Amino acid sequence: MGKGKHAKGFSMAQTSTVAVLGAGALGAAMARRLGDTGHEVRLWNRTEERARAVADDAAGVTAVGAVGDAVTGASVVLTVLRDGDAVAEVMSDAFDRLDRGAVWVQASTVGPRSAGALAGLARDHGVAYLDAPVSGSTAPARQGKLVWLAAGTDDALERARSVLDDLGSSVLHVGTGTEGSAVKLAVNAWMAASTVAMSDVLALCDALGVDHATFVRVLEAGPLAMPYELQKVGLMDNATYAPGFAVQLALKDIDLAAAAAAPSPLLRVVRDRLEATVEAGHDNDDLAAVDYLRNPPPSTT
């Protein structure tokens with residue numbers, strides 16, 4: 001069970017009850033952040049031990065064994081699960097226990113097709129719904145620096161605003177349908193392609209005898225700097241791939257994008273690289289692991 005306390009400086013008048021369904025890396029980080037910012041958080045996971053491990057050392061977070069118990073009385077329900085089928089299955093057990101005024105914030109990356117089906121479920125059950133994946137992973141979630149890509153009504157967005165603001169530095173209202181999920185696929189395709197490109201350019205630097213620190217310094221001096229990828233240089237050079245954003249999730253998102261639109265030659269190459277990285281055993285490692293062939297981790301034998 002959670003410790004039932006709140007971060008210093010937050011009064012009970014500022015709290016709300018939030019259900020977080022999914023205690024993976026992102027869901028756990030969101031739950032911790034919401035607890036730190038004064039919310040009462042009920043964290044559910046299919047494997048209850050995983051939720052309990054988070055709650056045991058997180059302020060304001062309680063692990064709950066049943067989905068229905070997690071959502072009862074919650075003003076905001078956050079789903080942070082692997083795919084659309086998982087979200088639909090979990091929410092089917094939750095609808096009858098949702099409060100009338102609750103807002104369902106669907107933050108899983110499921111693609112626009114599944115997002116539309118989930119929005120239909122919400123309409124069928126009279127539940128306010130936001131299609132709201134995020135740009136950012138575990139570290140931004142803990143720091144409250146996620147970027148929300150929210151689609152839905154103004155009313156639903158306003159009712160969920162305090163929770164979204166405590167988790168994010170920006171809340172972008174991108175549409176009223178499934179535009180959030182569509183934008184998320186484009187963002188993740190860009191992220192994966194740029195990470196593969198960084199690995200390949202580091203290999204070019206090696207061939208040309210260009211020091212990586214010099215390369216980074218030149219990028220930082222002009223308009224070509226991309227902070228996310230500059231951070232990857234250190235991870236790649238040190239072969240430290242602790243997630244972060246796991247390779248298998250990037251591969252899943254590229255496949256979701258391919259289901260919506262035929263992939264370009266570039267994105268086909270990116271997919272091949274992600275698939276090879278997964279097959280090499282780096283499925284749960286950070287996306288920086290696409291660099292494993294250029295700079296394999298040191299042997300532990």
# chains A, B, ... in the order shown; residues from 1 in each chain; ligands from 1
>>> residues_around(residues="Lys184 in chain A", least_positions_apart="3", cutoff="12 Å", atoms="only C-alpha atoms", output="ChimeraX atom specification")
/A:107-112,115,131-136,147-151,172,174,178-181,187-191,250,253-254,256-257
>>> write_last_selection(atoms="C-alpha atoms", output="tab-separated table (two decimals), in the first residue's frame")
chain	number	residue	atom	x	y	z
A	107	ALA	CA	-2.75	7.96	-22.87
A	108	SER	CA	-1.63	4.63	-24.37
A	109	THR	CA	-0.11	4.69	-27.86
A	110	VAL	CA	-2.69	2.69	-29.81
A	111	GLY	CA	-2.92	4.41	-33.21
A	112	PRO	CA	-5.93	6.29	-34.60
A	115	ALA	CA	-8.36	5.22	-30.60
A	131	ASP	CA	-7.50	10.71	-26.89
A	132	ALA	CA	-4.33	11.96	-25.22
A	133	PRO	CA	-1.02	10.18	-25.72
A	134	VAL	CA	2.12	12.01	-24.65
A	135	SER	CA	5.43	13.00	-26.14
A	136	GLY	CA	8.05	12.08	-23.57
A	147	VAL	CA	3.83	17.12	-23.78
A	148	TRP	CA	0.18	16.13	-24.03
A	149	LEU	CA	-1.29	15.55	-27.50
A	150	ALA	CA	-4.93	15.83	-26.51
A	151	ALA	CA	-8.00	15.40	-28.71
A	172	LEU	CA	-1.68	20.79	-26.85
A	174	VAL	CA	-4.84	19.02	-31.36
A	178	THR	CA	-8.37	10.82	-32.73
A	179	GLU	CA	-5.85	13.44	-33.79
A	180	GLY	CA	-3.80	12.88	-30.62
A	181	SER	CA	-3.08	9.28	-31.58
A	187	VAL	CA	6.24	12.00	-33.46
A	188	ASN	CA	7.44	8.48	-32.64
A	189	ALA	CA	8.36	7.77	-36.26
A	190	TRP	CA	10.49	10.94	-36.21
A	191	MET	CA	12.05	9.90	-32.89
A	250	ALA	CA	9.18	1.89	-31.02
A	253	ASP	CA	4.52	2.19	-33.10
A	254	ILE	CA	6.21	1.97	-36.50
A	256	LEU	CA	0.88	1.04	-36.15
A	257	ALA	CA	1.97	3.82	-38.51
>>> atom_distance(atom1="CA of Ala94 in chain A", atom2="CA of Ala66 in chain A")
9.2 Å
>>> residues_around(residues="range 224-241 of chain A", least_positions_apart="2", cutoff="10 Å", atoms="only C-alpha atoms", output="ChimeraX atom specification")
/A:136,191,194-199,202,212-213,215-222,243-247,282,284-292,294-298
>>> residues_around(residues="Ala70 in chain A", least_positions_apart="4", cutoff="7 Å", atoms="only C-alpha atoms", output="list in words")
Ala19, Arg42, Leu43, Trp44, Val64 and Ala66 of chain A
>>> atom_distance(atom1="CA of His173 in chain A", atom2="CA of Gly84 in chain A")
21.5 Å
>>> select_by_dssp(residues="range 6-191 of chain A", states="helix (DSSP H, G or I)", output="count of residues only")
87
>>> closest_residue(among="A:Val71, A:Leu266, A:Leu164, A:Ala119", to="Arg33 in chain A", atoms="only C-alpha atoms")
A:Leu164
>>> residues_around(residues="Leu98 in chain A", least_positions_apart="5", cutoff="8 Å", atoms="only C-alpha atoms", output="list in words")
Gly68, Val71, Thr72, Gly73 and Ala74 of chain A
>>> write_last_selection(atoms="C-alpha atoms", output="JSON list (two decimals), in the first residue's frame")
[["chain", "number", "residue", "atom", "x", "y", "z"],
["A", 68, "GLY", "CA", -13.41, -1.39, -10.49],
["A", 71, "VAL", "CA", -11.85, 3.82, -10.77],
["A", 72, "THR", "CA", -14.66, 4.21, -8.23],
["A", 73, "GLY", "CA", -14.70, 7.82, -7.06],
["A", 74, "ALA", "CA", -11.93, 8.89, -9.44]]
>>> select_by_dssp(residues="range 163-275 of chain A", states="strand (DSSP E)", output="short mmCIF file (atom, residue, chain, number, x, y, z; two decimals) with C-alpha atoms, in the first residue's frame")
data_model
loop_
_atom_site.label_atom_id
_atom_site.label_comp_id
_atom_site.auth_asym_id
_atom_site.auth_seq_id
_atom_site.Cartn_x
_atom_site.Cartn_y
_atom_site.Cartn_z
CA GLY A 168 3.12 18.02 -18.44
CA SER A 169 4.86 21.21 -19.43
CA SER A 170 2.47 21.60 -22.39
CA VAL A 171 -1.08 20.53 -23.11
CA LEU A 172 -1.68 20.79 -26.85
CA HIS A 173 -5.33 20.55 -27.91
CA VAL A 174 -4.84 19.02 -31.36
CA GLY A 175 -8.40 18.13 -32.32
#
>>> atom_distance(atom1="CA of Gln248 in chain A", atom2="CA of Asp36 in chain A")
29.6 Å
>>> residues_around(residues="range 99-103 of chain A", least_positions_apart="3", cutoff="12 Å", atoms="only C-alpha atoms", output="PyMOL selection string")
chain A and resi 16-19+68-79+94-96+106+119+122-123+125-132+152-164
